[in-house]
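Okay, input.pdb is below, PDB, C-alpha atoms:
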ATOM      1  CA  HIS X   1      21.179  14.740 -26.591
ATOM      2  CA  VAL X   2      17.456  14.508 -25.894
ATOM      3  CA  ASN X   3      14.922  12.030 -27.247
ATOM      4  CA  VAL X   4      11.266  12.385 -28.152
ATOM      5  CA  GLY X   5       9.063   9.353 -27.609
ATOM      6  CA  VAL X   6       5.754   9.055 -29.457
ATOM      7  CA  LEU X   7       2.645   6.925 -28.971
ATOM      8  CA  VAL X   8       0.018   7.067 -31.724
ATOM      9  CA  LEU X   9      -3.478   5.600 -31.455
ATOM     10  CA  GLY X  10      -4.216   3.609 -34.616
ATOM     11  CA  ASN X  11      -7.739   4.820 -35.407
ATOM     12  CA  SER X  12      -7.884   8.438 -34.284
ATOM     13  CA  ARG X  13      -4.139   9.103 -34.851
ATOM     14  CA  PHE X  14      -4.155  10.885 -31.493
ATOM     15  CA  LYS X  15      -0.546  11.423 -30.432
ATOM     16  CA  SER X  16       1.319  11.629 -27.153
ATOM     17  CA  TYR X  17       4.869  13.013 -27.165
ATOM     18  CA  GLY X  18       7.372  12.750 -24.345
ATOM     19  CA  LEU X  19      10.773  14.376 -23.918
ATOM     20  CA  THR X  20      13.388  12.069 -22.382
ATOM     21  CA  MET X  21      17.109  12.235 -21.572
ATOM     22  CA  SER X  22      17.635   8.509 -21.952
ATOM     23  CA  LYS X  23      16.434   5.547 -23.991
ATOM     24  CA  SER X  24      16.524   3.190 -21.017
ATOM     25  CA  GLN X  25      13.756   0.675 -20.411
ATOM     26  CA  SER X  26      12.653   2.439 -17.217
ATOM     27  CA  ILE X  27      12.254   5.714 -19.118
ATOM     28  CA  LEU X  28      10.245   3.973 -21.876
ATOM     29  CA  MET X  29       7.842   2.391 -19.382
ATOM     30  CA  SER X  30       7.409   5.684 -17.526
ATOM     31  CA  PHE X  31       6.632   7.439 -20.819
ATOM     32  CA  LEU X  32       4.022   4.842 -21.810
ATOM     33  CA  MET X  33       2.353   4.959 -18.396
ATOM     34  CA  GLU X  34       2.080   8.741 -18.618
ATOM     35  CA  CYS X  35       0.594   8.357 -22.112
ATOM     36  CA  PHE X  36      -2.033   5.944 -20.800
ATOM     37  CA  GLU X  37      -2.994   8.435 -18.107
ATOM     38  CA  ALA X  38      -3.175  11.270 -20.639
ATOM     39  CA  ILE X  39      -5.586   9.396 -22.944
ATOM     40  CA  GLY X  40      -7.544   7.874 -20.056
ATOM     41  CA  GLY X  41      -7.024   4.205 -20.880
ATOM     42  CA  VAL X  42      -4.755   1.487 -22.270
ATOM     43  CA  PRO X  43      -4.765   0.236 -25.883
ATOM     44  CA  LYS X  44      -5.483  -3.508 -26.174
ATOM     45  CA  ILE X  45      -2.481  -4.008 -28.492
ATOM     46  CA  ILE X  46       0.687  -1.931 -28.798
ATOM     47  CA  LEU X  47       2.780  -2.255 -31.938
ATOM     48  CA  THR X  48       6.419  -1.655 -31.071
ATOM     49  CA  ASP X  49       9.746  -1.389 -32.821
ATOM     50  CA  ASN X  50      12.318  -4.141 -32.224
ATOM     51  CA  MET X  51      14.182  -1.915 -29.776
ATOM     52  CA  LYS X  52      16.322  -3.632 -27.157
ATOM     53  CA  THR X  53      14.232  -2.142 -24.346
ATOM     54  CA  VAL X  54      11.330  -4.307 -25.574
ATOM     55  CA  MET X  55      12.850  -7.258 -27.434
ATOM     56  CA  ASP X  56      15.679  -9.592 -26.433
ATOM     57  CA  GLU X  57      15.512 -11.086 -29.952
ATOM     58  CA  HIS X  58      14.048  -9.349 -33.003
ATOM     59  CA  ARG X  59      10.859 -10.554 -34.615
ATOM     60  CA  THR X  60      11.495 -11.558 -38.238
ATOM     61  CA  GLU X  61       9.526 -13.217 -41.031
ATOM     62  CA  TYR X  62      10.746 -16.568 -39.704
ATOM     63  CA  SER X  63      10.736 -15.969 -35.933
ATOM     64  CA  LYS X  64       8.274 -14.365 -33.503
ATOM     65  CA  GLY X  65      11.219 -13.002 -31.496
ATOM     66  CA  VAL X  66      11.637 -12.878 -27.726
ATOM     67  CA  VAL X  67      10.069 -10.121 -25.623
ATOM     68  CA  ASN X  68      12.155  -8.866 -22.702
ATOM     69  CA  GLU X  69      10.886 -10.336 -19.415
ATOM     70  CA  ARG X  70      10.709  -7.014 -17.580
ATOM     71  CA  PHE X  71       8.810  -5.300 -20.387
ATOM     72  CA  GLU X  72       6.459  -8.286 -20.623
ATOM     73  CA  GLN X  73       5.698  -7.798 -16.927
ATOM     74  CA  PHE X  74       4.996  -4.120 -17.586
ATOM     75  CA  ALA X  75       2.587  -5.105 -20.387
ATOM     76  CA  SER X  76       0.876  -7.588 -18.066
ATOM     77  CA  ASP X  77       0.531  -4.975 -15.292
ATOM     78  CA  SER X  78      -0.882  -2.468 -17.800
ATOM     79  CA  GLY X  79      -3.136  -4.961 -19.592
ATOM     80  CA  PHE X  80      -1.950  -4.602 -23.197
ATOM     81  CA  GLU X  81      -0.648  -7.182 -25.679
ATOM     82  CA  ILE X  82       2.776  -6.605 -27.260
ATOM     83  CA  LYS X  83       2.986  -6.898 -31.035
ATOM     84  CA  PRO X  84       6.540  -6.272 -32.291
ATOM     85  CA  CYS X  85       7.111  -5.153 -35.877
ATOM     86  CA  ILE X  86       8.792  -7.509 -38.304
ATOM     87  CA  ALA X  87      12.402  -6.335 -38.573
ATOM     88  CA  GLY X  88      13.219  -4.803 -41.954
ATOM     89  CA  ARG X  89       9.645  -3.751 -42.749
ATOM     90  CA  PRO X  90       9.530   0.026 -42.169
ATOM     91  CA  ARG X  91       6.030   0.320 -43.667
ATOM     92  CA  THR X  92       4.644  -1.622 -40.663
ATOM     93  CA  LYS X  93       5.210   1.364 -38.376
ATOM     94  CA  GLY X  94       4.552   4.069 -40.961
ATOM     95  CA  LYS X  95       1.991   5.868 -38.770
ATOM     96  CA  VAL X  96       4.739   6.700 -36.298
ATOM     97  CA  GLU X  97       7.580   7.275 -38.777
ATOM     98  CA  SER X  98       5.588   9.871 -40.762
ATOM     99  CA  ILE X  99       4.723  11.793 -37.593
ATOM    100  CA  MET X 100       8.283  11.810 -36.290
ATOM    101  CA  LYS X 101       9.354  13.724 -39.393
ATOM    102  CA  LEU X 102       7.283  16.643 -38.130
ATOM    103  CA  LEU X 103       9.570  16.885 -35.122
ATOM    104  CA  ASP X 104      12.353  18.133 -37.383
ATOM    105  CA  GLU X 105      11.166  21.669 -36.654
ATOM    106  CA  ILE X 106      12.586  21.300 -33.136
ATOM    107  CA  HIS X 107      16.073  21.571 -34.661
ATOM    108  CA  ALA X 108      15.422  25.221 -35.509
ATOM    109  CA  TYR X 109      15.570  25.901 -31.768
ATOM    110  CA  GLN X 110      18.930  24.244 -31.032
ATOM    111  CA  GLY X 111      20.375  25.733 -27.851
ATOM    112  CA  LYS X 112      17.518  28.209 -27.286
ATOM    113  CA  PHE X 113      15.581  26.235 -24.658
ATOM    114  CA  THR X 114      16.178  24.985 -21.159
ATOM    115  CA  TYR X 115      15.009  21.415 -20.584
ATOM    116  CA  GLU X 116      11.728  22.678 -19.115
ATOM    117  CA  GLY X 117      11.258  25.111 -22.023
ATOM    118  CA  LEU X 118      11.883  22.360 -24.566
ATOM    119  CA  HIS X 119       9.379  20.115 -22.768
ATOM    120  CA  GLN X 120       6.728  22.826 -23.014
ATOM    121  CA  PHE X 121       7.523  23.376 -26.706
ATOM    122  CA  VAL X 122       7.152  19.656 -27.485
ATOM    123  CA  GLN X 123       3.801  19.527 -25.677
ATOM    124  CA  LYS X 124       2.518  22.542 -27.637
ATOM    125  CA  LEU X 125       3.691  20.842 -30.834
ATOM    126  CA  CYS X 126       1.774  17.732 -29.811
ATOM    127  CA  GLU X 127      -1.390  19.747 -29.123
ATOM    128  CA  ARG X 128      -1.130  21.377 -32.551
ATOM    129  CA  HIS X 129      -0.759  18.013 -34.293
ATOM    130  CA  ASN X 130      -3.756  16.605 -32.416
ATOM    131  CA  GLN X 131      -5.906  19.547 -33.502
ATOM    132  CA  SER X 132      -4.846  19.400 -37.178
ATOM    133  CA  PHE X 133      -6.635  17.517 -39.959
ATOM    134  CA  ASN X 134      -4.962  14.166 -40.666
ATOM    135  CA  GLN X 135      -4.636  13.322 -44.361
ATOM    136  CA  GLY X 136      -4.212   9.595 -43.683
ATOM    137  CA  ASN X 137      -7.588   8.929 -42.062
ATOM    138  CA  ARG X 138      -9.247  12.293 -42.854
ATOM    139  CA  LYS X 139      -9.996  12.963 -39.191
ATOM    140  CA  ILE X 140      -9.009  15.487 -36.552
ATOM    141  CA  PRO X 141      -7.286  13.388 -33.842
ATOM    142  CA  ILE X 142      -8.606  15.269 -30.778
ATOM    143  CA  LEU X 143     -12.198  14.817 -32.012
ATOM    144  CA  ALA X 144     -11.772  11.210 -33.159
ATOM    145  CA  LEU X 145     -10.266  10.291 -29.775
ATOM    146  CA  LYS X 146     -13.676  10.598 -28.091
ATOM    147  CA  GLN X 147     -14.976   7.628 -30.069
ATOM    148  CA  GLU X 148     -11.765   5.603 -29.787
ATOM    149  CA  LYS X 149     -11.717   5.967 -25.989
ATOM    150  CA  SER X 150     -14.621   3.530 -25.683
ATOM    151  CA  HIS X 151     -12.347   0.760 -27.014
ATOM    152  CA  LEU X 152      -9.536   1.357 -24.529
ATOM    153  CA  LEU X 153      -8.911  -0.841 -21.518
ATOM    154  CA  PRO X 154      -9.218   0.749 -18.056
ATOM    155  CA  LEU X 155      -6.095   2.172 -16.429
ATOM    156  CA  PRO X 156      -4.255  -0.077 -13.958
ATOM    157  CA  ARG X 157      -4.684   0.946 -10.329
ATOM    158  CA  LYS X 158      -2.751   3.993  -9.108
ATOM    159  CA  GLU X 159      -0.160   1.996  -7.123
ATOM    160  CA  ILE X 160       0.895   0.162 -10.288
ATOM    161  CA  ARG X 161       0.977   3.342 -12.360
ATOM    162  CA  ASP X 162       3.078   5.219  -9.814
ATOM    163  CA  SER X 163       5.569   2.342  -9.531
ATOM    164  CA  TYR X 164       6.555   2.840 -13.190
ATOM    165  CA  LYS X 165       6.553   6.643 -13.432
ATOM    166  CA  ILE X 166       9.762   8.702 -13.260
ATOM    167  CA  LYS X 167       9.581  12.376 -12.351
ATOM    168  CA  HIS X 168      11.959  15.168 -13.385
ATOM    169  CA  LYS X 169      12.439  17.149 -10.168
ATOM    170  CA  LEU X 170      14.214  20.489  -9.847
ATOM    171  CA  VAL X 171      16.620  20.842  -6.898
ATOM    172  CA  LYS X 172      19.206  23.433  -5.844
ATOM    173  CA  VAL X 173      22.910  22.628  -5.452
ATOM    174  CA  ASN X 174      24.126  23.587  -1.969
ATOM    175  CA  PRO X 175      27.384  25.449  -1.097
ATOM    176  CA  ALA X 176      29.202  22.105  -0.729
ATOM    177  CA  SER X 177      28.344  21.320  -4.366
ATOM    178  CA  MET X 178      25.826  18.632  -3.408
ATOM    179  CA  ILE X 179      22.130  17.884  -3.957
ATOM    180  CA  THR X 180      19.861  16.104  -1.472
ATOM    181  CA  TYR X 181      17.816  12.980  -2.158
ATOM    182  CA  LYS X 182      15.963  11.240   0.676
ATOM    183  CA  SER X 183      18.061  12.990   3.360
ATOM    184  CA  ASN X 184      21.380  11.888   1.800
ATOM    185  CA  GLN X 185      23.637  14.155  -0.252
ATOM    186  CA  TYR X 186      25.251  13.502  -3.644
ATOM    187  CA  SER X 187      27.946  15.561  -5.343
ATOM    188  CA  VAL X 188      27.895  17.434  -8.643
ATOM    189  CA  PRO X 189      30.750  19.343 -10.356
ATOM    190  CA  ALA X 190      31.752  22.493  -8.459
ATOM    191  CA  GLU X 191      30.723  24.906 -11.228
ATOM    192  CA  TYR X 192      27.048  24.112 -10.538
ATOM    193  CA  LYS X 193      27.191  25.334  -6.921
ATOM    194  CA  GLY X 194      24.105  27.458  -6.202
ATOM    195  CA  LYS X 195      22.394  26.510  -9.474
ATOM    196  CA  THR X 196      19.120  24.665  -9.991
ATOM    197  CA  VAL X 197      19.493  21.233 -11.601
ATOM    198  CA  GLY X 198      17.149  18.453 -12.694
ATOM    199  CA  LEU X 199      16.964  15.159 -10.821
ATOM    200  CA  GLN X 200      15.705  11.822 -12.158
ATOM    201  CA  VAL X 201      15.850   8.537 -10.255
ATOM    202  CA  TYR X 202      15.639   5.174 -12.029
ATOM    203  CA  ASP X 203      17.511   1.860 -12.348
ATOM    204  CA  ASP X 204      18.895   2.304  -8.796
ATOM    205  CA  HIS X 205      20.780   5.443  -9.841
ATOM    206  CA  ILE X 206      20.397   9.191  -9.399
ATOM    207  CA  HIS X 207      20.816  11.135 -12.652
ATOM    208  CA  VAL X 208      21.521  14.871 -12.351
ATOM    209  CA  TYR X 209      21.014  17.186 -15.342
ATOM    210  CA  TYR X 210      21.736  20.825 -16.028
ATOM    211  CA  ASN X 211      19.314  21.733 -18.802
ATOM    212  CA  THR X 212      19.911  18.807 -21.174
ATOM    213  CA  ASP X 213      23.413  17.841 -19.997
ATOM    214  CA  LEU X 214      23.950  14.848 -17.708
ATOM    215  CA  ILE X 215      26.392  16.293 -15.150
ATOM    216  CA  ALA X 216      26.486  13.546 -12.497
ATOM    217  CA  GLN X 217      25.320  10.022 -11.864
ATOM    218  CA  HIS X 218      25.371   8.146  -8.539
ATOM    219  CA  ARG X 219      24.203   4.751  -7.372
ATOM    220  CA  ILE X 220      21.567   5.244  -4.669
ATOM    221  CA  SER X 221      23.280   4.835  -1.311
ATOM    222  CA  ASN X 222      22.468   4.741   2.383
ATOM    223  CA  LYS X 223      25.519   6.922   3.089
ATOM    224  CA  VAL X 224      24.853  10.462   4.297
ATOM    225  CA  LEU X 225      27.542  12.030   2.064
ATOM    226  CA  ASN X 226      28.257  10.694  -1.408
ATOM    227  CA  TYR X 227      31.137  12.569  -3.045
ATOM    228  CA  LYS X 228      32.799  11.582  -6.294
ATOM    229  CA  GLU X 229      36.511  12.101  -5.774
ATOM    230  CA  GLU X 230      36.882  14.388  -8.798
ATOM    231  CA  HIS X 231      34.014  16.595  -7.580
ATOM    232  CA  TYR X 232      35.453  16.945  -4.081
ATOM    233  CA  THR X 233      38.960  17.596  -5.375
ATOM    234  CA  ASP X 234      37.633  20.417  -7.556
ATOM    235  CA  VAL X 235      35.719  21.932  -4.600
ATOM    236  CA  LEU X 236      38.888  21.891  -2.485
ATOM    237  CA  SER X 237      41.114  23.301  -5.223
ATOM    238  CA  ARG X 238      38.769  26.251  -5.716
ATOM    239  CA  GLY X 239      38.752  26.989  -1.990
ATOM    240  CA  MET X 240      42.504  26.332  -1.452
ATOM    241  CA  PRO X 241      44.180  27.219  -4.771
ATOM    242  CA  ASP X 242      47.684  27.368  -3.254
ATOM    243  CA  TYR X 243      47.641  24.060  -1.352
ATOM    244  CA  PRO X 244      50.674  21.994  -2.491
ATOM    245  CA  ASP X 245      49.020  18.552  -2.865
ATOM    246  CA  ILE X 246      45.283  18.980  -3.191
ATOM    247  CA  ASP X 247      44.731  15.440  -4.541
ATOM    248  CA  GLU X 248      46.282  13.841  -1.449
ATOM    249  CA  LEU X 249      44.311  16.117   0.868
ATOM    250  CA  ALA X 250      41.078  15.247  -0.945
ATOM    251  CA  LYS X 251      41.710  11.513  -0.511
ATOM    252  CA  LYS X 252      42.442  11.880   3.211
ATOM    253  CA  ASN X 253      39.337  14.027   3.770
ATOM    254  CA  LEU X 254      37.106  11.593   1.882
ATOM    255  CA  LEU X 255      38.397   8.679   3.970
ATOM    256  CA  ALA X 256      37.718  10.661   7.133
ATOM    257  CA  MET X 257      34.187  11.523   5.975
ATOM    258  CA  ASP X 258      33.490   7.873   5.175
ATOM    259  CA  GLU X 259      34.574   6.940   8.690
ATOM    260  CA  VAL X 260      32.483   9.653  10.378
ATOM    261  CA  TYR X 261      29.337   9.142   8.294
ATOM    262  CA  LYS X 262      29.517   5.403   7.717
ATOM    263  CA  ILE X 263      26.311   3.387   8.209
ATOM    264  CA  GLU X 264      26.510   0.411  10.530
TER     265      GLU X 264
END
This entry written out as structure tokens:
Amino acid sequence: HVNVGVLVLGNSRFKSYGLTMSKSQSILMSFLMECFEAIGGVPKIILTDNMKTVMDEHRTEYSKGVVNERFEQFASDSGFEIKPCIAGRPRTKGKVESIMKLLDEIHAYQGKFTYEGLHQFVQKLCERHNQSFNQGNRKIPILALKQEKSHLLPLPRKEIRDSYKIKHKLVKVNPASMITYKSNQYSVPAEYKGKTVGLQVYDDHIHVYYNTDLIAQHRISNKVLNYKEEHYTDVLSRGMPDYPDIDELAKKNLLAMDEVYKIE
């Protein structure tokens, strides 16, 4: 599964789309920060859904809800005010809901894109929407944005922006069925040996993707070699198909590697 995030500016209806593999809070904040950079500023108020990445308790007609502490810090660092929708009132976020329907055309391309190809397609779709006449406010978003920009807050400094952004990096799987991150190696399933995979790092974990499939996940470690037992066992079994007890051999080898490469 992939997700498409959308940020819409209220006056111009200028849109920013982002393709994501996850709905985690770190991914959401990275997406918003990239949107701010793309439009050259930060909206004073952001109207959000009552999603769990933003709200610990929903806002209702009788309660203002509780904003998640980490997301509140992100809002403070960025400079915007959070305004959650009232749960059960879909018309409140109609500007976004109506636009998301246009993304249905992506489904016509099921299975035809790599992750990078799908990202490019979504960005072209976004550009087309921003250059099309909007029936709701009778404006062309890309032209109306020029006026709306004067009402945006300045971007936070670069160090703050970079601390929230997550990059999708392409790396090659080595002959030992491992990828390298900060000089340490992490395993992936043996069938991806020699292939190029996508790497994302957030929430203290490494996430490895092949196109849009999550193929491995590791906690970031200070160990030189980080093999999942099932990955290493598969590597051994392919290289030694006739060995009588490959599982036992894999366990012994992994223990030996941990001893040799352990960090004091």
So which residues are close to (-10.6, 10.0, -33.6), meaning at most 10 Å away in the file's coordinates with all atoms listed in the file counted, and can you show them as a PDB file with C-alpha atoms, in the coordinates of the input?
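out_7.pdb, freshly written:
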ATOM      1  CA  LEU X   9      -3.478   5.600 -31.455  1.00  0.00           C
ATOM      2  CA  GLY X  10      -4.216   3.609 -34.616  1.00  0.00           C
ATOM      3  CA  ASN X  11      -7.739   4.820 -35.407  1.00  0.00           C
ATOM      4  CA  SER X  12      -7.884   8.438 -34.284  1.00  0.00           C
ATOM      5  CA  ARG X  13      -4.139   9.103 -34.851  1.00  0.00           C
ATOM      6  CA  PHE X  14      -4.155  10.885 -31.493  1.00  0.00           C
ATOM      7  CA  ASN X 130      -3.756  16.605 -32.416  1.00  0.00           C
ATOM      8  CA  ASN X 134      -4.962  14.166 -40.666  1.00  0.00           C
ATOM      9  CA  ASN X 137      -7.588   8.929 -42.062  1.00  0.00           C
ATOM     10  CA  ARG X 138      -9.247  12.293 -42.854  1.00  0.00           C
ATOM     11  CA  LYS X 139      -9.996  12.963 -39.191  1.00  0.00           C
ATOM     12  CA  ILE X 140      -9.009  15.487 -36.552  1.00  0.00           C
ATOM     13  CA  PRO X 141      -7.286  13.388 -33.842  1.00  0.00           C
ATOM     14  CA  ILE X 142      -8.606  15.269 -30.778  1.00  0.00           C
ATOM     15  CA  LEU X 143     -12.198  14.817 -32.012  1.00  0.00           C
ATOM     16  CA  ALA X 144     -11.772  11.210 -33.159  1.00  0.00           C
ATOM     17  CA  LEU X 145     -10.266  10.291 -29.775  1.00  0.00           C
ATOM     18  CA  LYS X 146     -13.676  10.598 -28.091  1.00  0.00           C
ATOM     19  CA  GLN X 147     -14.976   7.628 -30.069  1.00  0.00           C
ATOM     20  CA  GLU X 148     -11.765   5.603 -29.787  1.00  0.00           C
ATOM     21  CA  LYS X 149     -11.717   5.967 -25.989  1.00  0.00           C
TER      22      LYS X 149
END
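If you count all atoms listed in the file and draw a sphere of 7 Å around (-3.0, 1.3, -31.0), the protein and nucleic acid residues inside it come out as X:Val8, X:Leu9, X:Gly10, X:Pro43, X:Ile45, X:Ile46, X:Leu47.
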Written as a VMD selection string, which residues does the PyMOL selection byres ((chain X and resi 218) around 10) give for the file shown?
chain X and resid 186 to 188 201 204 to 208 216 to 217 219 to 221 226 to 228
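Note that the spacing between atom CA of Ile27 of chain X and atom CA of Tyr192 of chain X amounts to 25.1 Å.
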Nearby residues (all atoms listed in the file) at most 7 Å from Lys165 of chain X, same-chain spacing under 4 positions excluded, as a short mmCIF file (atom, residue, chain, number, x, y, z; two decimals) with C-alpha atoms, in the coordinates of the input:
data_model
loop_
_atom_site.label_atom_id
_atom_site.label_comp_id
_atom_site.auth_asym_id
_atom_site.auth_seq_id
_atom_site.Cartn_x
_atom_site.Cartn_y
_atom_site.Cartn_z
CA SER X 30 7.41 5.68 -17.53
CA MET X 33 2.35 4.96 -18.40
CA ARG X 161 0.98 3.34 -12.36
#
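Across the structure, atom CA of Met29 of chain X and atom CA of Phe113 of chain X are spaced 25.6 Å apart.
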As a check of understanding: the span from atom CA of Lys251 of chain X to atom CA of Gln200 of chain X is 28.5 Å
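Using all atoms listed in the file, the smallest distance between any of X:Asp258, X:Glu229, X:Glu61, X:Asp213 and Ala190 of chain X comes from X:Glu229.
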Please provide the set of residues having any atom within 10 Å of Lys44 of chain X, restricted to only C-alpha atoms, with same-chain residues fewer than 4 positions apart removed, written as a CSV table (one decimal) with C-alpha atoms, keeping the file's coordinate frame.
chain,number,residue,atom,x,y,z
X,78,SER,CA,-0.9,-2.5,-17.8
X,79,GLY,CA,-3.1,-5.0,-19.6
X,80,PHE,CA,-2.0,-4.6,-23.2
X,81,GLU,CA,-0.6,-7.2,-25.7
X,82,ILE,CA,2.8,-6.6,-27.3
X,151,HIS,CA,-12.3,0.8,-27.0
X,152,LEU,CA,-9.5,1.4,-24.5
X,153,LEU,CA,-8.9,-0.8,-21.5
X,154,PRO,CA,-9.2,0.7,-18.1
Taking the file as shown, what set of residues would the PyMOL selection byres ((chain X and resi 22) around 12) give back, as a list in words?
His1, Val2, Asn3, Val4, Gly5, Gly18, Leu19, Thr20, Met21, Lys23, Ser24, Gln25, Ser26, Ile27, Leu28, Met29, Ser30, Phe31, Thr53, Ile166, Gln200, Val201, Tyr202, Asp203, His207, Tyr209, Thr212, Asp213 and Leu214 of chain X
Selection from above, C-alpha atoms, as an mmCIF file, in the frame of the given file, can you write it?
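What ended up in result-v8.cif:
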data_model
loop_
_atom_site.group_PDB
_atom_site.id
_atom_site.type_symbol
_atom_site.label_atom_id
_atom_site.label_comp_id
_atom_site.auth_asym_id
_atom_site.auth_seq_id
_atom_site.Cartn_x
_atom_site.Cartn_y
_atom_site.Cartn_z
ATOM 1 C CA HIS X 1 21.179 14.740 -26.591
ATOM 2 C CA VAL X 2 17.456 14.508 -25.894
ATOM 3 C CA ASN X 3 14.922 12.030 -27.247
ATOM 4 C CA VAL X 4 11.266 12.385 -28.152
ATOM 5 C CA GLY X 5 9.063 9.353 -27.609
ATOM 6 C CA GLY X 18 7.372 12.750 -24.345
ATOM 7 C CA LEU X 19 10.773 14.376 -23.918
ATOM 8 C CA THR X 20 13.388 12.069 -22.382
ATOM 9 C CA MET X 21 17.109 12.235 -21.572
ATOM 10 C CA LYS X 23 16.434 5.547 -23.991
ATOM 11 C CA SER X 24 16.524 3.190 -21.017
ATOM 12 C CA GLN X 25 13.756 0.675 -20.411
ATOM 13 C CA SER X 26 12.653 2.439 -17.217
ATOM 14 C CA ILE X 27 12.254 5.714 -19.118
ATOM 15 C CA LEU X 28 10.245 3.973 -21.876
ATOM 16 C CA MET X 29 7.842 2.391 -19.382
ATOM 17 C CA SER X 30 7.409 5.684 -17.526
ATOM 18 C CA PHE X 31 6.632 7.439 -20.819
ATOM 19 C CA THR X 53 14.232 -2.142 -24.346
ATOM 20 C CA ILE X 166 9.762 8.702 -13.260
ATOM 21 C CA GLN X 200 15.705 11.822 -12.158
ATOM 22 C CA VAL X 201 15.850 8.537 -10.255
ATOM 23 C CA TYR X 202 15.639 5.174 -12.029
ATOM 24 C CA ASP X 203 17.511 1.860 -12.348
ATOM 25 C CA HIS X 207 20.816 11.135 -12.652
ATOM 26 C CA TYR X 209 21.014 17.186 -15.342
ATOM 27 C CA THR X 212 19.911 18.807 -21.174
ATOM 28 C CA ASP X 213 23.413 17.841 -19.997
ATOM 29 C CA LEU X 214 23.950 14.848 -17.708
#
Around all listed atoms of segment 3-10 of chain X, padded 4 Å per side, what centre and edge lengths does the axis-aligned box have in Å to one decimal, as lines of an AutoDock Vina configuration file?
center_x = 5.4
center_y = 8.0
center_z = -30.9
size_x = 27.1
size_y = 16.8
size_z = 15.4
Target residues per the PyMOL selection byres ((chain X and resi 86) around 6), formatted as a PyMOL selection string:
chain X and resi 59-60+85+87+89
Among X:Lys172, X:His107, X:Lys182, X:Arg238, Lys195 of chain X is approached most closely, using all atoms listed in the file, by X:Lys172
